[in-house]
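Undergrad: The following block contains the structure, expressed as structure tokens.
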Amino acid sequence: MAVTDLTRATAVEIAALVASRDVSAVEVTQAHLDRIASVEDSVHAFLHVDVDGALEQARAVDHATASGSSPGPLAGVPLALKDVLVQTGVPTTCGSKILEGWLPPYDATVVKRLRAAGVVILGKTNMDEFAMGSSTENSAYGPTHNPWDLDRIPGGSSGGSAAAVAAYEAPLAIGTDTGGSIRQPAAVTGIVGAKPTYGGVSRYGLVAFSSSLDQAGPFARNVLDTALLHAAIAGYDEFDSTSINAPVPDVVAAAQGADVRGMRIGVVRELSGEGYQPSVQARFDEAVELLRQAGAEVVEVSCPAFDYALGAYYLIAPSECSSNLARFDAMRYGIRVGDDGENGAEEVMRLTRDAGFGPEVKRRIILGTYALSSGYYDAYYGQAQKVRTLITRDFEAAWASVDVLVSPTTPTEAFRIGERADDPVAMYKADLCTLPSSLYGGPAMSVPVGLGDEGLPVGLQVMAPVMADDRIYRVGAAIESMLTDRWGGPLLQKAVAL
Amino acid sequence: MATLSHTGDVLMDYDDVMANFDPVLGLEVHVELGTASKMFCGCATEFGAEPNTQVCPTCLGLPGSLPVLNRTAVESAIRIGLALNCSIAPWCRFARKNYFYPDMPKNFQTSQYDEPICFEGWLDVEIETDEGPRTFRVEIERAHMEEDTGKSLHVGGATGRIHGADFSLVDYNRAGIPLIEIVTKPVAGTGKYAPEVARAYVGALRELLRALEVSDVKMEQGSLRCDANVSLRPTPESPLGTRTETKNVNSLRSVERAVRFEMQRQATRLSAGEVVVQETRHWHEDTGVTTAGRIKSDAEDYRYFPEPDLVPVAPAAEWVEELRGTLPEPPAERRRRLATEWGINDLEMQSVINAGAVELVLATITAGADSAAARKWWMGEIARRANDDGVELESLPITALQVAQVDAMVTSGRLNDKLARQVIDGVLAGEGEPEAVADARGLQIVSDDGPLLEAVKAAIESNADAAQKIRDGKIQAVGALVGAVMKTTRGQADAGRARELILAELGASEGA
């Protein structure tokens with residue numbers, strides 16, 4: 001196989017080639033580093049490319065395969081890691097100035113598991129600052145561009161990870177999803193992205209935005225690769241108290257099965273209509289029709305509390321973030337501003353936070369601080385938690401009659417860079433469909449279902465009950481199988497070459 | 001009537017305070033648990049380690065780190081609650097208390113807010129009143145779990161406080177050490193005994209915690225810290241007055257003194273038509289006064305909310321009952337039992353308790369001394385030294401074993417009480433074990449009759465009058481001669497043997 005093809009290979013193919021020693025992990029890694037070097041100027045998916053570290057990991061994988069020991073299920077497969085997960089000695093900024101220069105002294109659990117699986121981590125990807133945003137425009141280090149149209153956003157906050165996979169800079173990427181930050185970028189870049197059940201993947205080493213919502217998850221160019229990565233990082237971790245101590249659903253078998261015969265699929269009535277781009281709705285409807293033809297039973301389901309998800313989310317997430325981000329105070333790590341011998345500690349904290357945080361982060365800290373304030377707590381944070389309970393009840397009621405729920409992943413195709421920068425609420429609406437399952441905690445996936453009338457990818461979201469992650473893979477794989485047959489290959493083939 | 005405090009403030013006399021006001025107390029005690037690891041991570045908790053050597057991503061609050069609850073700390077919290085007659089919450093959560101301070105790594109403290117693990121209990125404390133011993137029931141509002149902060153050292157500046165310091169150093173070894181905060185309900189009805197009740201409460205709590213073996217409860221090292229809230233009102237029927245919260249109260253004696261001072265200070269202000277400011281105050285052990293700290297308003301907003309990084313704590317009823325079975329004998333019962341065993345009355349027992357000597361006496365008995373001797377040493381010579389130095393008995397550099405060894409040397413006749421006190425001096429001065437101190441200082445009762453006999457003869461010679469009285473049968477005059485012998489032998493003589501020799505020399509006998 002020619003070296004240029006390695007960047008087009010799936011994770012499954014690469015792992016097989018490396019394990020059989022037909023191709024070395026170093027060759028695979030070098031091919032991707034070369035690809036990064038050639039497209040990064042236009043895409044800007046990475047904040048830090050760890051050339052030496054990646055090659056060193058690749059050599060270790062080759063050494064393991066040569067010595068006959070098992071190199072892991074994803075041996076030698078390169079991966080792009082969202083810059084919100086810590087990796088020992090590798091810069092971790094969370095897309096923020098405030099963490100510039102910080103080298104974490106420890107590995108996130110996700111990183112440890114990636115290493116154990118034989119994955120080669122190429123570097124850290126761009127993101128909205130502290131994962132707050134839907135376009136990756138909120139990065140302190142400049143926006144990432146959508147490989148389908150460089151003037152468009154790649155989604156966010158995991159826009160760098162999604163763009164890296166869509167631009168063939170890596171076959172796999174890790175993102176994090178708090179209100180849609182994996183699913184929405186996957187949808188607008190034409191790839192697959194999954195948010196596991198909350199508690200399914202350890203948050204240890206994931207720099208917190210909103211602790212009760214944050215969840216790391218996989219990106220790939222197809223459902224099976226996504227499942228393999230999901231399986232590699234999931235499972236109980238004693239270092240995360242909210243981690244679920246139960247067997248991980250067999251997502252790989254589900255992705256391989258791709259069988260929806262007899263499955264009951266609910267279309268969420270509230271996630272359609274006004275504000276939804278007609279071509280997005282059309283692609284969604286066509287995919288649902290395919291599922292029906294494949295033997296699924298499709299019904300409409302009403303989830304009335306979903307209408308309040310946006311309001312609840314923008315109280316809960318900022319509240320938690322106002323507390324989580326308090327630790328960035330210049331005392332122990334990151335930048336320090338104003339330490340001139342005259343300013344006291346409080347003044348240095350204030351100057352550092354003023355200089356180090358971007359406007360969206362400040363907006364959310366202020367919002368959250370207000371919502372938690374004495375006298376306002378009940379009306380805002382308390383009320384939002386009640387809405388969260390109602391949304392959970394809507395999901396639970398739905399599970400009485402259906403196995404999964406589906407909706408468009410985003411109401412529109414990717415918008416233009418700068419288009420919504422001055423309108424936070426318009427920006428927030430990009431997550432309208434993904435917020436409910438974040439608030440509920442169940443697993444959800446975005447899978448490509450075609451192009452909208454602007455020629456950009458459209459995603460379908462599958463939502464399942466807590467710890468039924470296998471179901472999203474079964475449905476996602478079925479849709480993928482039918483559509484790639486129809487298209488004669490993955491949707492990404494339709495993107496212009498970079 | 002008024003008196004001057006050490007700093008020159010005019011203070012109302014205590015009797016006048018009580019003639020015009022009724023005090024109400026509120027006591028908040030922080031206990032550092034003696035767990036091997038911290039509240040939310042595996043770091044060690046050893047006191048006095050090199051700064052910032054017992055830290056990890058979690059207790060340093062590094063980005064991405066997460067807490068994991070220490071089960072032993074929960075167990076200790078429940079046992080403390082049960083021992084304080086509290087109810088144990090079947091389900092409770094941690095909360096974040098948000099505020100910025102450089103020694104708090106996350107700029108929030110993981111604590112409990114409206115869902116404490118233990119609530120609604122009581123502790124009976126005994127004090128000595130004009131009418132004899134009296135028991136006060138101190139009601140406990142709650143006991144909850146939280147993590148300690150790091151420790152700041154402010155270098156430069158006049159006060160050692162952050163304001164005016166040139167720079168500050170922070171040691172995060174203490175950050176994340178498990179704390180239990182025990183809060184009383186308002187303690188009213190103590191009248192003039194408020195300072196004694198405060199002291200007795202903290203003392204009784206310390207005794208209880210020590211018996212539970214959950215903490216080393218050393219006030220000077222900060223493993224037991226007391227904040228004393230004091231307010232005054234004109235009469236017991238009046239609404240509660242404005243309170244102050246006095247911090248830095250590092251001994252039982254200070255608890256009593258600080259409460260008394262605050263009562264006098266507040267009464268002085270109120271009588272002069274001034275108001276009491278709601279604030280924290282700092283106790284100064286050396287000058288015996290409190291000074292203003294930060295203004296504390298009820299509206300202070302910590303923006304508490306449930307800690308999303310931890311799951312709720314739901315101790316199973318069976319586990320709670322199992323822990324109840326591990327509780328030690330209740331201190332009040334234990335005190336009565338010990339008083340009986342030692343053959344002393346309530347008053348004597350109370351003074352042993354107030355001196356913080358119960359465990360020390362007990363350990364000394366275990367090490368071989370009899371109870372009277374053990375009490376004599378701890379409550380006498382050693383207590384005097386502790387008092388002189390202004391420290392707790394237990395923090396003096398002498399152990400129960402060493403005291404038992406000294407006592408054994410007395411029993412065996414090697415030392416008399418006077419020499420034994422010198423040995424204790426030597427041990428306290430760091431000169432080594434009792435045996436070594438006695439050897440090095442040459443302390444030994446002179447029991448060889450040769451030199452003693454010479455001293456006896458010399459004493460008879462120079463005290464002819466007394467000698468004649470003894471010869472005449474006035475045996476009681478022997479005291480003067482024994483004293484003379486002891487003087488010439490610089491106290492090293494065995495007084496009993498000297499007496500025998502004097503009487504024999506003069507041909508007199510006890511029975512004569």
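Residue names in the structure tokens use chain letters A, B, ... in the order shown, residue numbers from 1 in each chain, and ligand numbers from 1 in the order shown.
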Leaving out Thr65 (chain A) and any residue of its chain fewer than 4 positions from it, which residues lie within 8 Å of it when counting only C-alpha atoms, given as a PyMOL selection string?
TA: chain A and resi 18-19+21+61+69-71
Undergrad: Compile the contact shell of Glu115 (chain B) as a PyMOL selection string: residues with an atom at most 9 Å away, counting only C-alpha atoms, same-chain residues fewer than 6 positions apart removed.
TA: chain B and resi 89+91-95+144
Undergrad: Return the neighbours of chain A among the residues of chain B, cut-off 10 Å, counting only C-alpha atoms, as a ChimeraX atom specification.
TA: /B:40-41,56-58,60-69,96-108,162-168,170,299-312
Undergrad: Taking N, CA and C atoms for each residue, export the selection above as a CSV table (one decimal), in the first residue's frame.
TA:
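See selection-v4.csv below for the written result:
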chain,number,residue,atom,x,y,z
B,40,PHE,N,-9.7,13.5,49.9
B,40,PHE,CA,-10.1,13.2,48.5
B,40,PHE,C,-9.0,12.6,47.6
B,41,CYS,N,-7.8,12.3,48.2
B,41,CYS,CA,-6.7,11.7,47.4
B,41,CYS,C,-5.9,10.8,48.3
B,56,CYS,N,-0.4,16.0,45.4
B,56,CYS,CA,-0.7,15.3,44.1
B,56,CYS,C,-1.6,16.2,43.3
B,57,PRO,N,-1.9,15.8,42.0
B,57,PRO,CA,-2.7,16.7,41.2
B,57,PRO,C,-4.1,17.1,41.9
B,58,THR,N,-4.6,16.1,42.7
B,58,THR,CA,-6.0,16.4,43.2
B,58,THR,C,-5.9,17.4,44.4
B,60,LEU,N,-3.6,19.5,44.9
B,60,LEU,CA,-3.1,20.8,44.4
B,60,LEU,C,-4.1,21.5,43.5
B,61,GLY,N,-5.2,20.8,43.3
B,61,GLY,CA,-6.3,21.4,42.4
B,61,GLY,C,-5.8,21.6,41.0
B,62,LEU,N,-4.9,20.7,40.5
B,62,LEU,CA,-4.5,20.9,39.1
B,62,LEU,C,-5.7,20.7,38.1
B,63,PRO,N,-5.6,21.3,37.0
B,63,PRO,CA,-6.7,21.2,36.0
B,63,PRO,C,-6.9,19.7,35.7
B,64,GLY,N,-8.1,19.3,35.6
B,64,GLY,CA,-8.4,17.9,35.3
B,64,GLY,C,-8.5,16.9,36.4
B,65,SER,N,-8.0,17.3,37.6
B,65,SER,CA,-8.0,16.4,38.7
B,65,SER,C,-9.4,16.2,39.3
B,66,LEU,N,-9.6,15.1,40.0
B,66,LEU,CA,-10.9,14.9,40.6
B,66,LEU,C,-10.8,14.3,42.0
B,67,PRO,N,-11.8,14.5,42.8
B,67,PRO,CA,-11.7,14.0,44.2
B,67,PRO,C,-12.3,12.6,44.3
B,68,VAL,N,-11.8,11.8,45.2
B,68,VAL,CA,-12.4,10.5,45.5
B,68,VAL,C,-12.5,10.4,47.0
B,69,LEU,N,-13.7,10.2,47.5
B,69,LEU,CA,-13.9,10.3,49.0
B,69,LEU,C,-13.2,9.1,49.8
B,96,ARG,N,-19.8,22.7,47.3
B,96,ARG,CA,-18.7,23.6,47.1
B,96,ARG,C,-18.9,25.0,47.8
B,97,LYS,N,-17.9,25.4,48.5
B,97,LYS,CA,-18.0,26.7,49.2
B,97,LYS,C,-17.0,27.5,48.4
B,98,ASN,N,-17.5,28.5,47.6
B,98,ASN,CA,-16.7,29.2,46.7
B,98,ASN,C,-16.1,30.5,47.3
B,99,TYR,N,-14.8,30.6,47.3
B,99,TYR,CA,-14.2,31.9,47.6
B,99,TYR,C,-12.7,31.8,47.3
B,100,PHE,N,-12.1,33.0,47.0
B,100,PHE,CA,-10.7,33.0,46.5
B,100,PHE,C,-9.8,33.1,47.7
B,101,TYR,N,-8.8,32.3,47.8
B,101,TYR,CA,-7.7,32.5,48.7
B,101,TYR,C,-6.5,31.7,48.2
B,102,PRO,N,-5.3,32.3,48.3
B,102,PRO,CA,-4.1,31.6,47.7
B,102,PRO,C,-3.8,30.2,48.3
B,103,ASP,N,-4.2,29.9,49.5
B,103,ASP,CA,-3.9,28.6,50.1
B,103,ASP,C,-5.0,27.6,49.8
B,104,MET,N,-6.0,28.0,49.1
B,104,MET,CA,-7.1,27.1,48.7
B,104,MET,C,-6.9,26.7,47.2
B,105,PRO,N,-6.4,25.5,46.9
B,105,PRO,CA,-6.0,25.2,45.6
B,105,PRO,C,-7.1,25.4,44.5
B,106,LYS,N,-8.3,25.0,44.8
B,106,LYS,CA,-9.3,25.1,43.8
B,106,LYS,C,-10.1,26.4,43.8
B,107,ASN,N,-9.8,27.2,44.8
B,107,ASN,CA,-10.6,28.4,45.1
B,107,ASN,C,-12.1,28.0,45.4
B,108,PHE,N,-12.3,26.8,45.8
B,108,PHE,CA,-13.5,26.4,46.5
B,108,PHE,C,-13.1,25.3,47.5
B,162,ILE,N,-1.5,38.7,56.1
B,162,ILE,CA,-1.2,38.9,54.6
B,162,ILE,C,-1.1,40.3,54.3
B,163,HIS,N,-1.8,41.2,55.0
B,163,HIS,CA,-1.7,42.6,54.7
B,163,HIS,C,-0.4,43.2,55.2
B,164,GLY,N,0.4,43.8,54.3
B,164,GLY,CA,1.6,44.4,54.7
B,164,GLY,C,2.8,43.4,54.6
B,165,ALA,N,2.5,42.2,54.2
B,165,ALA,CA,3.6,41.2,54.0
B,165,ALA,C,4.4,41.5,52.8
B,166,ASP,N,5.7,41.2,52.8
B,166,ASP,CA,6.5,41.4,51.6
B,166,ASP,C,6.2,40.3,50.5
B,167,PHE,N,6.1,39.1,51.0
B,167,PHE,CA,5.7,38.0,50.1
B,167,PHE,C,5.1,36.9,51.0
B,168,SER,N,4.4,35.9,50.3
B,168,SER,CA,3.8,34.9,51.1
B,168,SER,C,4.3,33.5,50.5
B,170,VAL,N,3.2,29.3,50.4
B,170,VAL,CA,2.1,28.5,50.7
B,170,VAL,C,2.6,27.0,50.8
B,299,ALA,N,-24.7,38.0,55.1
B,299,ALA,CA,-24.9,37.9,53.7
B,299,ALA,C,-23.7,37.5,52.9
B,300,GLU,N,-22.6,37.1,53.6
B,300,GLU,CA,-21.4,36.7,52.9
B,300,GLU,C,-21.9,35.5,52.0
B,301,ASP,N,-21.5,35.6,50.7
B,301,ASP,CA,-22.1,34.7,49.7
B,301,ASP,C,-21.0,33.7,49.2
B,302,TYR,N,-21.1,32.5,49.6
B,302,TYR,CA,-20.2,31.5,49.2
B,302,TYR,C,-20.7,30.7,48.0
B,303,ARG,N,-21.8,31.0,47.5
B,303,ARG,CA,-22.4,30.4,46.3
B,303,ARG,C,-22.3,28.9,46.4
B,304,TYR,N,-22.8,28.4,47.5
B,304,TYR,CA,-22.8,26.9,47.7
B,304,TYR,C,-23.6,26.2,46.6
B,305,PHE,N,-23.1,25.1,46.1
B,305,PHE,CA,-24.0,24.2,45.3
B,305,PHE,C,-23.4,22.8,45.4
B,306,PRO,N,-24.3,21.8,45.1
B,306,PRO,CA,-23.9,20.4,45.3
B,306,PRO,C,-22.6,20.1,44.5
B,307,GLU,N,-21.6,19.5,45.1
B,307,GLU,CA,-20.4,19.1,44.4
B,307,GLU,C,-20.6,18.1,43.3
B,308,PRO,N,-20.5,18.5,42.0
B,308,PRO,CA,-20.9,17.5,41.0
B,308,PRO,C,-19.8,16.5,40.7
B,309,ASP,N,-18.6,16.6,41.3
B,309,ASP,CA,-17.5,15.6,41.1
B,309,ASP,C,-17.6,14.5,42.1
B,310,LEU,N,-18.6,14.5,43.1
B,310,LEU,CA,-18.7,13.4,44.0
B,310,LEU,C,-20.1,12.9,44.0
B,311,VAL,N,-20.3,11.6,44.3
B,311,VAL,CA,-21.6,11.1,44.4
B,311,VAL,C,-22.1,11.2,45.8
B,312,PRO,N,-23.4,11.2,46.0
B,312,PRO,CA,-23.9,11.4,47.4
B,312,PRO,C,-23.4,10.3,48.3
Undergrad: Taking 3 positions as the minimum chain separation for residues in the same chain, which residues sit within 8 Å of region 292-308 of chain A when counting only C-alpha atoms? Answer as a list in words.
TA: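 Selected residues are Val260, Arg261, Gly262, Met263, Arg264, Ile265, Gly266, Val267, Val268, Arg269, Glu270, Val288, Glu289, Gly311, Ala312, Val387, Leu390, Ile391, Asp394, Phe395, Ala398 and Pro436 of chain A.
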Undergrad: Please report the interatomic distance between CA of Tyr473 (chain A) and CA of Asp225 (chain A) in Å with one decimal.
TA: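 These atoms are spaced 10.7 Å apart.
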Undergrad: Pick from B:Ala363, B:Ala211, B:Leu179, B:Cys226: nearest to Val29 (chain B), with only C-alpha atoms counted?
TA: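 Closest candidate: B:Cys226.
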Undergrad: Apply DSSP to the backbone of this structure and, from region 275-505 of chain B, keep only the residues in helix (DSSP H, G or I); write these as JSON, numbers by chain.
TA: {"B": [317, 318, 319, 320, 321, 322, 323, 324, 331, 332, 333, 334, 335, 336, 337, 338, 339, 340, 341, 342, 346, 347, 348, 349, 350, 351, 352, 353, 354, 358, 359, 360, 361, 362, 363, 364, 365, 366, 371, 372, 373, 374, 375, 376, 377, 378, 379, 380, 381, 382, 383, 384, 385, 386, 387, 388, 389, 393, 394, 395, 400, 401, 402, 403, 404, 405, 406, 407, 408, 409, 410, 411, 417, 418, 419, 420, 421, 422, 423, 424, 425, 426, 427, 428, 434, 435, 436, 437, 438, 439, 440, 441, 449, 450, 451, 452, 453, 454, 455, 456, 457, 458, 459, 460, 461, 462, 464, 465, 466, 467, 468, 469, 470, 471, 475, 476, 477, 478, 479, 480, 481, 482, 483, 484, 485, 486, 487, 488, 495, 496, 497, 498, 499, 500, 501, 502, 503, 504, 505]}
Undergrad: Give me, as a ChimeraX atom specification, all polymer residues having an atom no more than 10 Å from Leu362 (chain B), counting only C-alpha atoms and skipping those fewer than 6 positions away in the same chain.
TA: /B:338,342,369-371,374-375,400
Undergrad: Keeping only N, CA and C atoms, take the residues you just selected and write them out as a short mmCIF file (atom, residue, chain, number, x, y, z; two decimals), in the first residue's frame.
TA:
data_model
loop_
_atom_site.label_atom_id
_atom_site.label_comp_id
_atom_site.auth_asym_id
_atom_site.auth_seq_id
_atom_site.Cartn_x
_atom_site.Cartn_y
_atom_site.Cartn_z
N LEU B 338 -13.29 5.42 86.46
CA LEU B 338 -11.90 5.69 86.83
C LEU B 338 -11.80 6.31 88.22
N TRP B 342 -9.68 4.78 91.13
CA TRP B 342 -8.56 5.52 91.72
C TRP B 342 -8.85 5.97 93.15
N ALA B 369 3.01 2.59 87.72
CA ALA B 369 2.86 3.40 88.93
C ALA B 369 1.51 3.13 89.58
N ASP B 370 1.40 3.42 90.88
CA ASP B 370 0.05 3.30 91.44
C ASP B 370 -0.70 4.59 91.17
N SER B 371 -2.02 4.54 91.30
CA SER B 371 -2.83 5.65 90.81
C SER B 371 -2.55 6.93 91.59
N ALA B 374 0.74 8.37 90.35
CA ALA B 374 0.60 8.88 88.99
C ALA B 374 -0.10 10.24 89.01
N ARG B 375 -1.17 10.31 89.77
CA ARG B 375 -1.88 11.59 89.88
C ARG B 375 -1.02 12.65 90.52
N ALA B 400 4.37 9.32 79.83
CA ALA B 400 3.82 8.58 80.96
C ALA B 400 4.81 7.51 81.41
#
Undergrad: Report the distance between CA of Thr392 (chain A) and CA of Ala309 (chain A) in Å, rounded to one decimal place.
TA: 10.6 Å
Undergrad: Quick one: distance from CA of Pro154 (chain A) to CA of Arg486 (chain A) in Å, one decimal?
TA: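 Value for the CA of Pro154 (chain A)-CA of Arg486 (chain A) distance: 25.4 Å.
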Undergrad: Between B:Ile78, B:Val437, B:Leu25, B:Ala386, which one has atoms that come closest to Tyr201 (chain B), using only C-alpha atoms?
TA: B:Leu25
Undergrad: Could you pull the residues within 12 Å of Glu381 (chain B), counting only C-alpha atoms, minus those fewer than 5 positions along the same chain, as a list in words?
TA: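 Near Glu381 (chain B), the qualifying residues are Ala373, Ala374, Arg375, Lys376, Ala386, Asn387, Asp388, Leu393, Val403, Asp417, Lys418, Ala420, Arg421, Gln422, Val423, Ile424, Asp425 and Leu428 of chain B.
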Undergrad: Compile the contact shell of Val201 (chain A) as a ChimeraX atom specification: residues with an atom at most 12 Å away, counting only C-alpha atoms, same-chain residues fewer than 3 positions apart removed.
TA: /A:108-111,113,174-177,194-198,204-206,214-218,229-248,443,467,469
Undergrad: Pick out each residue of region 17-92 of chain B that DSSP on the backbone tags as strand (DSSP E or B); I need them as JSON, numbers by chain.
TA: {"B": [22, 23, 24, 25, 26, 27, 28, 29, 30, 31, 32, 37, 44, 87, 88, 92]}
Undergrad: Can you list, as a list in words, every protein, DNA or RNA residue that comes within 9 Å of His282 (chain B) when you count only C-alpha atoms, leaving out same-chain residues fewer than 3 positions away?
TA: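 These residues fall inside the cut-off: Glu245, Thr246, Lys247, Asn248, Val249, Val289, Thr290, Thr291, Ala292 and Gly293 of chain B.
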Undergrad: Output the selection as a short mmCIF file (atom, residue, chain, number, x, y, z; two decimals), in the first residue's frame - N, CA and C atoms for each residue.
TA:
data_model
loop_
_atom_site.label_atom_id
_atom_site.label_comp_id
_atom_site.auth_asym_id
_atom_site.auth_seq_id
_atom_site.Cartn_x
_atom_site.Cartn_y
_atom_site.Cartn_z
N GLU B 245 -16.88 36.15 66.48
CA GLU B 245 -16.33 34.80 66.35
C GLU B 245 -14.83 34.90 66.59
N THR B 246 -14.37 34.38 67.72
CA THR B 246 -12.96 34.49 68.05
C THR B 246 -12.20 33.25 67.58
N LYS B 247 -11.16 33.51 66.78
CA LYS B 247 -10.37 32.42 66.22
C LYS B 247 -9.02 32.35 66.91
N ASN B 248 -8.24 31.32 66.54
CA ASN B 248 -6.87 31.20 67.03
C ASN B 248 -6.83 30.90 68.52
N VAL B 249 -7.81 30.16 68.99
CA VAL B 249 -7.88 29.81 70.41
C VAL B 249 -7.25 28.42 70.55
N VAL B 289 -5.91 39.30 74.92
CA VAL B 289 -6.99 40.09 74.34
C VAL B 289 -7.35 39.55 72.96
N THR B 290 -8.51 40.00 72.45
CA THR B 290 -8.88 39.69 71.07
C THR B 290 -8.78 40.99 70.28
N THR B 291 -8.43 40.85 68.99
CA THR B 291 -8.42 42.04 68.13
C THR B 291 -9.27 41.75 66.91
N ALA B 292 -9.74 42.83 66.28
CA ALA B 292 -10.68 42.69 65.18
C ALA B 292 -10.03 42.00 63.98
N GLY B 293 -10.79 41.08 63.35
CA GLY B 293 -10.35 40.46 62.10
C GLY B 293 -11.20 41.02 60.99
#
